[in-house]
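Below is the file start_0.txt, which contains compact mmCIF, C-alpha atoms.
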```txt
# COMPACT_ATOMS: atom_id res chain seq x y z
CA MET A 1 -24.99 332.22 133.20
CA ARG A 2 -23.18 332.13 129.88
CA ASN A 3 -19.82 333.07 131.38
CA PRO A 4 -19.17 330.97 134.50
CA ARG A 5 -16.03 332.89 135.49
CA PHE A 6 -18.24 335.74 136.70
CA ILE A 7 -20.13 333.51 139.15
CA PRO A 8 -17.56 334.08 141.97
CA VAL A 9 -17.86 337.81 141.37
CA ILE A 10 -21.66 338.04 141.47
CA ALA A 11 -22.38 335.39 144.09
CA PRO A 12 -21.39 337.31 147.25
CA CYS A 13 -23.40 340.36 146.24
CA ALA A 14 -26.43 338.26 145.34
CA LEU A 15 -26.14 336.42 148.65
CA ALA A 16 -26.05 339.68 150.57
CA LEU A 17 -29.13 341.01 148.81
CA GLY A 18 -30.96 337.75 149.33
CA LEU A 19 -30.31 337.87 153.06
CA PHE A 20 -31.54 341.43 153.40
CA SER A 21 -35.25 340.75 153.83
CA ALA A 22 -34.66 338.08 156.47
CA ALA A 23 -31.95 339.86 158.43
CA ALA A 24 -32.79 343.55 158.27
CA ALA A 25 -35.09 343.38 161.28
CA HIS A 26 -32.16 342.37 163.47
CA ALA A 27 -30.08 345.51 162.78
CA ALA A 28 -29.28 347.54 165.86
CA GLU A 29 -31.79 350.34 166.25
CA ASP A 30 -29.20 352.94 167.20
CA ASP A 31 -26.81 352.18 164.32
CA PRO A 32 -27.23 353.95 160.96
CA ARG A 33 -28.52 351.83 158.10
CA PHE A 34 -26.54 353.73 155.46
CA THR A 35 -23.27 355.71 155.66
CA LEU A 36 -21.71 357.71 152.82
CA ARG A 37 -18.22 359.26 152.98
CA LEU A 38 -17.33 362.00 150.51
CA GLY A 39 -13.71 363.12 150.48
CA ALA A 40 -10.48 363.60 148.62
CA MET A 41 -7.06 361.98 148.66
CA ASN A 42 -3.73 363.79 148.24
CA ILE A 43 -2.07 361.24 145.97
CA ASP A 44 1.62 360.58 145.51
CA THR A 45 2.64 357.98 142.92
CA ASP A 46 5.57 355.66 142.25
CA ASN A 47 5.58 354.18 138.74
CA THR A 48 7.83 351.61 137.07
CA ILE A 49 7.72 350.30 133.51
CA ARG A 50 9.71 347.11 132.97
CA GLY A 51 10.21 344.78 130.07
CA SER A 52 12.28 341.99 128.60
CA THR A 53 12.82 340.88 125.01
CA ASN A 54 15.41 339.39 122.69
CA ILE A 55 17.19 341.58 120.14
CA GLY A 56 19.69 340.01 117.73
CA GLY A 57 20.04 336.95 119.92
CA GLN A 58 20.73 339.04 123.02
CA ASP A 59 18.38 339.12 126.02
CA VAL A 60 17.50 342.71 126.93
CA ASP A 61 15.89 343.72 130.25
CA VAL A 62 14.65 347.25 130.97
CA SER A 63 13.27 348.77 134.18
CA GLU A 64 12.52 352.50 134.21
CA ASP A 65 10.98 354.61 136.98
CA PHE A 66 9.00 357.67 135.98
CA SER A 67 7.38 360.49 137.94
CA MET A 68 4.16 362.37 137.27
CA GLY A 69 5.54 365.51 138.89
CA GLY A 70 4.14 365.97 142.39
CA LYS A 71 1.03 365.20 144.36
CA GLU A 72 -2.55 365.56 143.19
CA TRP A 73 -5.88 365.87 145.01
CA GLU A 74 -8.45 363.41 143.66
CA PRO A 75 -12.03 362.53 144.75
CA ARG A 76 -12.68 359.45 146.83
CA VAL A 77 -16.08 357.97 147.76
CA ASP A 78 -16.99 355.05 149.99
CA GLY A 79 -20.05 353.88 151.84
CA MET A 80 -21.69 351.13 153.86
CA PHE A 81 -25.18 349.63 153.84
CA ARG A 82 -25.97 347.71 157.02
CA ILE A 83 -28.04 344.58 156.45
CA SER A 84 -27.95 343.35 160.05
CA ASP A 85 -25.73 343.53 163.14
CA ARG A 86 -23.13 341.33 161.45
CA GLN A 87 -23.75 341.88 157.74
CA ARG A 88 -22.82 344.86 155.56
CA LEU A 89 -22.40 345.82 151.94
CA ILE A 90 -19.35 348.09 151.54
CA PHE A 91 -18.50 350.00 148.38
CA ASP A 92 -15.85 352.52 147.36
CA TYR A 93 -14.59 354.37 144.30
CA PHE A 94 -11.21 355.97 143.62
CA LYS A 95 -9.73 357.65 140.54
CA TYR A 96 -6.47 359.26 139.46
CA ASP A 97 -5.94 361.20 136.24
CA LYS A 98 -2.84 363.27 135.61
CA ASP A 99 -0.71 364.34 132.67
CA ARG A 100 2.74 365.91 132.54
CA ARG A 101 4.76 367.64 129.82
CA GLU A 102 8.48 368.45 129.88
CA THR A 103 9.78 370.87 127.23
CA LEU A 104 13.41 371.48 126.26
CA GLY A 105 14.24 375.18 126.60
CA ASP A 106 17.55 375.21 124.69
CA THR A 107 18.95 373.31 121.75
CA VAL A 108 21.17 370.38 122.74
CA ASN A 109 23.82 368.79 120.51
CA TYR A 110 24.96 365.16 120.83
CA GLY A 111 27.79 364.74 118.31
CA ASP A 112 26.11 364.82 114.91
CA THR A 113 22.61 364.78 116.46
CA THR A 114 20.73 367.94 117.40
CA VAL A 115 17.71 368.07 119.71
CA PRO A 116 16.05 371.44 118.99
CA ALA A 117 14.60 373.79 121.57
CA GLY A 118 10.90 373.15 122.03
CA SER A 119 11.29 369.37 121.90
CA PHE A 120 9.10 367.70 124.49
CA VAL A 121 8.07 364.54 126.26
CA LYS A 122 4.51 364.22 127.55
CA GLY A 123 2.73 361.49 129.44
CA GLU A 124 -0.68 360.71 130.91
CA LEU A 125 -1.65 358.26 133.63
CA LYS A 126 -5.23 357.19 134.43
CA TYR A 127 -6.30 354.80 137.15
CA GLN A 128 -9.75 353.83 138.47
CA VAL A 129 -10.86 351.29 141.07
CA ALA A 130 -14.43 350.49 142.16
CA THR A 131 -15.20 347.83 144.77
CA LEU A 132 -18.33 346.21 146.18
CA VAL A 133 -17.93 343.60 148.94
CA TYR A 134 -20.10 341.63 151.32
CA ASP A 135 -18.71 342.00 154.85
CA TYR A 136 -19.54 339.58 157.68
CA SER A 137 -18.50 340.34 161.27
CA VAL A 138 -16.90 337.20 162.69
CA VAL A 139 -16.36 339.18 165.93
CA ASP A 140 -19.14 341.61 166.87
CA GLY A 141 -18.28 343.29 170.17
CA GLU A 142 -19.57 346.45 171.76
CA LYS A 143 -16.40 348.42 170.94
CA PHE A 144 -14.48 346.08 168.63
CA ASP A 145 -15.52 344.46 165.36
CA VAL A 146 -13.71 342.11 162.94
CA GLY A 147 -15.12 341.54 159.47
CA LEU A 148 -14.20 339.24 156.58
CA GLN A 149 -14.99 340.39 153.05
CA LEU A 150 -15.75 338.83 149.68
CA GLY A 151 -16.91 340.69 146.60
CA ALA A 152 -15.93 342.15 143.25
CA GLU A 153 -13.46 344.82 142.17
CA TYR A 154 -13.19 346.66 138.86
CA ALA A 155 -9.87 348.25 137.87
CA LYS A 156 -8.88 350.28 134.83
CA ILE A 157 -5.37 351.55 134.12
CA SER A 158 -3.77 353.34 131.20
CA ALA A 159 -0.29 354.79 130.74
CA ASP A 160 0.56 356.77 127.63
CA ALA A 161 3.74 358.70 126.74
CA TYR A 162 4.81 360.53 123.56
CA ALA A 163 8.05 362.24 122.62
CA ASP A 164 9.02 364.74 119.91
CA LEU A 165 12.81 365.11 119.94
CA GLY A 166 13.41 366.36 116.41
CA ASP A 167 15.40 363.96 114.24
CA LEU A 168 16.41 361.90 117.27
CA TYR A 169 12.97 360.41 118.00
CA GLN A 170 9.32 361.04 117.35
CA GLY A 171 6.50 358.80 118.47
CA ARG A 172 4.73 357.04 121.33
CA PHE A 173 7.03 354.99 123.54
CA ILE A 174 4.54 353.91 126.22
CA ASN A 175 1.00 352.80 125.43
CA GLU A 176 -0.34 350.31 127.95
CA LYS A 177 -4.02 349.84 128.82
CA ALA A 178 -5.87 347.22 130.82
CA ASP A 179 -9.18 346.86 132.60
CA GLY A 180 -11.17 344.04 134.11
CA ILE A 181 -13.21 342.71 136.99
CA ALA A 182 -12.26 340.04 139.50
CA PRO A 183 -13.26 338.64 142.88
CA VAL A 184 -11.61 340.39 145.83
CA VAL A 185 -11.04 339.21 149.40
CA GLY A 186 -10.45 341.42 152.41
CA ALA A 187 -10.60 342.00 156.13
CA ARG A 188 -11.72 344.86 158.37
CA LEU A 189 -11.06 345.97 161.96
CA THR A 190 -13.33 348.58 163.51
CA PHE A 191 -12.88 350.23 166.92
CA THR A 192 -15.57 352.41 168.53
CA PRO A 193 -14.06 353.69 171.80
CA SER A 194 -17.00 356.09 172.29
CA GLU A 195 -20.22 357.17 170.59
CA HIS A 196 -18.37 360.01 168.84
CA TRP A 197 -15.20 358.21 167.66
CA MET A 198 -14.63 355.40 165.17
CA ILE A 199 -11.38 353.89 163.88
CA ASN A 200 -11.55 351.68 160.80
CA LEU A 201 -8.72 349.57 159.29
CA GLN A 202 -9.21 347.65 156.04
CA GLY A 203 -7.17 345.59 153.59
CA GLN A 204 -8.12 343.95 150.27
CA TYR A 205 -6.43 341.79 147.64
CA LEU A 206 -7.18 340.41 144.18
CA ASN A 207 -5.23 338.41 141.66
CA THR A 208 -5.74 339.22 137.98
CA SER A 209 -5.93 335.50 137.16
CA TRP A 210 -9.21 335.37 139.12
CA GLY A 211 -10.92 337.67 136.61
CA ASN A 212 -10.81 338.92 133.03
CA PHE A 213 -7.74 341.16 132.79
CA ASP A 214 -6.78 339.88 129.33
CA ASP A 215 -3.15 338.71 129.26
CA TYR A 216 -2.02 340.65 132.35
CA LYS A 217 -0.83 338.52 135.26
CA GLY A 218 -0.27 340.03 138.69
CA ASP A 219 -2.13 341.43 141.65
CA LEU A 220 -3.75 344.51 143.12
CA SER A 221 -3.45 345.24 146.83
CA ARG A 222 -5.01 347.93 148.98
CA ALA A 223 -4.94 349.06 152.62
CA ASN A 224 -6.43 352.08 154.37
CA ALA A 225 -7.06 353.52 157.82
CA ILE A 226 -9.69 356.09 158.80
CA VAL A 227 -10.37 357.96 162.04
CA GLN A 228 -13.85 359.48 162.16
CA TYR A 229 -15.44 361.91 164.60
CA ASN A 230 -19.24 361.85 164.64
CA VAL A 231 -20.55 365.33 165.41
CA ASN A 232 -24.04 363.85 165.74
CA GLN A 233 -25.91 360.75 164.58
CA ASN A 234 -26.09 361.96 160.98
CA PHE A 235 -22.89 363.94 160.35
CA GLY A 236 -19.18 363.31 160.90
CA ILE A 237 -15.73 364.27 159.70
CA PHE A 238 -12.87 361.88 158.98
CA ALA A 239 -9.19 361.72 158.09
CA GLY A 240 -6.89 358.86 157.25
CA TYR A 241 -4.44 357.29 154.82
CA ASP A 242 -4.96 355.13 151.73
CA TRP A 243 -2.55 352.92 149.74
CA PHE A 244 -2.96 351.01 146.46
CA LYS A 245 -0.45 348.90 144.53
CA LEU A 246 -0.84 347.37 141.07
CA ASP A 247 1.89 344.98 139.91
CA ALA A 248 1.23 343.12 136.64
CA ASP A 249 3.03 341.74 133.59
CA LYS A 250 1.81 341.08 130.06
CA ARG A 251 3.52 338.40 127.97
CA GLY A 252 3.52 338.71 124.19
CA SER A 253 5.21 337.07 121.24
CA ASP A 254 8.12 339.51 121.41
CA GLY A 255 8.67 339.58 125.18
CA VAL A 256 7.21 340.73 128.47
CA VAL A 257 6.11 344.21 129.51
CA GLY A 258 5.30 345.00 133.13
CA LEU A 259 3.75 347.87 135.04
CA LYS A 260 4.11 348.57 138.75
CA GLN A 261 2.24 351.50 140.28
CA GLU A 262 1.73 352.66 143.84
CA PHE A 263 -0.79 355.31 144.88
CA LYS A 264 -0.62 356.56 148.45
CA GLY A 265 -1.48 359.58 150.52
CA PRO A 266 -3.62 361.18 153.23
CA LEU A 267 -7.36 361.64 152.81
CA ALA A 268 -10.09 363.65 154.50
CA GLY A 269 -13.78 364.38 154.10
CA VAL A 270 -17.25 364.29 155.60
CA SER A 271 -19.53 361.41 156.55
CA LEU A 272 -23.32 361.33 156.17
CA SER A 273 -25.38 358.67 157.95
CA PHE A 274 -29.07 357.84 157.78
```
As C-alpha cells - that is how I would like this structure written.
Amino acid sequence: MRNPRFIPVIAPCALALGLFSAAAAHAAEDDPRFTLRLGAMNIDTDNTIRGSTNIGGQDVDVSEDFSMGGKEWEPRVDGMFRISDRQRLIFDYFKYDKDRRETLGDTVNYGDTTVPAGSFVKGELKYQVATLVYDYSVVDGEKFDVGLQLGAEYAKISADAYADLGDLYQGRFINEKADGIAPVVGARLTFTPSEHWMINLQGQYLNTSWGNFDDYKGDLSRANAIVQYNVNQNFGIFAGYDWFKLDADKRGSDGVVGLKQEFKGPLAGVSLSF
C-alpha cells in the first residue's frame, strides 16, 4: 500500500469480506441476508461561518449564521448485508443540495452610497456523506442487539455565496470546499419486540485528523433512530429521525476560517429484504 494512512480505512471492510465465506453458513435461516431502505429526509439546516484574522495590527473575529430558507426533502439510502448472526456490513448515503437568492426590490440609500433595486445575494450549499462500516454484535439476544462499528466515511461539503450590490460590493464572499475519507467508529442498538416491529438506534463519529481532509481540523458526528414495521418478510415501511453535524476549521497564513453545519429532520421510506 503506497499510502499507509488508508490502511485503517480499508482494513475493517477487508476483514468483513474475508470472514464472509467462513461465517455465512452460521447466519440465522429466518433473518434476511440483505436489507435495503429507500427513503427521504425532510432536512432543516443550521449554518455558521466563523473566522479570525489580523488587520492593521488588530485581531478580528467574525461569526455569522446564515439560513438556506426553509426545509428541503432529499433522498436517503441505507442498507445491511448480514454475514453471520453477529456480523454485518452496513452502508448509507445522504445528500443535500440547495441554493437561495435574495433580491432587493427597492433602491436603498446609505448616505452617499446607493444600493440599486435588483441587487442580490445568492448562495449554494452542497453536502454528501457515504459510509460503509463493519458491525459486530457484542450482545446478540433474541429481542435486543448491541453492535460496535468500524469502517470508512466519505464526506464532501461546499458553501458558495455571491453578492451584487451595485457600487457597494460585487463578488464572492464565501467559497469553502472540502472533501475526504476517514475511519469512522460507531455503535448500534436494535430492538425487535415482535416479528413485525424493529427499532434501530445508531451513532457514528469521525475526526478529520484521522483521514485526508486537507487542512481542515474538526469532527463529523451523526445519530439516527428508525422504527420499522415489516408487512411481510420482504417488505416494510419505516419512519425516524436523522441528525448530522460538521464542525471544522481551516488555518491559513492570513487566519482561520471555520464552518459549522447541522442537518436534522424526520425521514420515512420503504424497506426491501431478501
Quiz prompt | A:Phe94 surroundings by all atoms listed in the file, 6 Å radius, close-in-sequence under 6 positions cut, as a ChimeraX atom specification | solution = /A:76,128-129
Exercise. Find the residue from A:Asp160, A:Asp247, A:Asp167, A:Glu142 that sits nearest to A:Val115; use all atoms listed in the file when measuring.
Key: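 That would be A:Asp167, the residue with the smallest distance to A:Val115.
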Practice problem: Please provide the set of residues having any atom within 7 Å of stretch 233-242 of chain A, restricted to only C-alpha atoms, with same-chain residues fewer than 3 positions apart removed, written as number ranges by chain. | Solution: A: 223-230, 264-274
Self-check item: Nearest-residue call for A:Asn212, choices A:Met41, A:Ala182, A:Ile90, A:Ala117, using all atoms listed in the file
Solution: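 Smallest distance to A:Asn212 is found for A:Ala182.
Across the model, the gap from atom CA of A:Leu259 to atom CA of A:Ser221 is 14.1 Å.
One distance worth recording is that between atom CA of A:Pro116 and atom CA of A:Ala159, which is 26.1 Å.
When only C-alpha atoms are used to compute distances to A:Thr114, the closest of the residues A:Leu165, A:Trp73, A:Leu220, A:Ala40 turns out to be A:Leu165.
Residue nearest A:Asp135 within the list A:Glu262, A:Glu102, A:Asp249, A:Asp85: A:Asp85 [criterion: smallest interatomic distance, only C-alpha atoms].
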Quiz prompt | Nearest to A:Arg172, chosen from A:Val121, A:Leu201, A:Leu148, A:Ala187, with all atoms listed in the file counted in the distances | solution =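 Ranked by minimum distance to A:Arg172, first place goes to A:Val121.
Coordinates place atom CA of A:Ala161 at a distance of 26.2 Å from atom CA of A:Arg222.
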Exercise. Tell me, as a list in words, which residues lie within 12 Å of A:Ser209, counting all atoms listed in the file; anything in the same chain fewer than 6 positions away does not count.
Key: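 Close residues of A:Ser209: Arg5, Gly180, Ile181, Ala182, Pro183, Val184, Asp215, Tyr216, Lys217, Gly218, Asp219, Leu220, Ala248, Asp249 and Lys250 of chain A.
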Quiz item: Which residue gives the smallest distance to A:Ile83 among A:Thr131, A:Thr208, A:Ser137, A:Thr103, with only C-alpha atoms counted?
Solution: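 The answer is A:Ser137, which sits nearest to A:Ile83.
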Quiz item: Hey, can you pull every residue with an atom no more than 12 Å from (-18.6, 345.6, 151.4), using all atoms listed in the file, and send it as a ChimeraX atom specification?
Solution: /A:12-13,16-17,35,78-83,86-93,130-137,147-153,184-188,202-204
Name the residues, using the chain letters and numbers of the file, that sit within 7 Å of (-2.0, 359.2, 133.5) when counting all atoms listed in the file, and give them as a PDB file with C-alpha atoms, in the frame of the given file.
```
ATOM      1  CA  ASP A  97      -5.940 361.200 136.240  1.00  0.00           C
ATOM      2  CA  LYS A  98      -2.840 363.270 135.610  1.00  0.00           C
ATOM      3  CA  ASP A  99      -0.710 364.340 132.670  1.00  0.00           C
ATOM      4  CA  GLY A 123       2.730 361.490 129.440  1.00  0.00           C
ATOM      5  CA  GLU A 124      -0.680 360.710 130.910  1.00  0.00           C
ATOM      6  CA  LEU A 125      -1.650 358.260 133.630  1.00  0.00           C
ATOM      7  CA  LYS A 126      -5.230 357.190 134.430  1.00  0.00           C
ATOM      8  CA  SER A 158      -3.770 353.340 131.200  1.00  0.00           C
ATOM      9  CA  ALA A 159      -0.290 354.790 130.740  1.00  0.00           C
ATOM     10  CA  ASP A 160       0.560 356.770 127.630  1.00  0.00           C
TER      11      ASP A 160
END
```
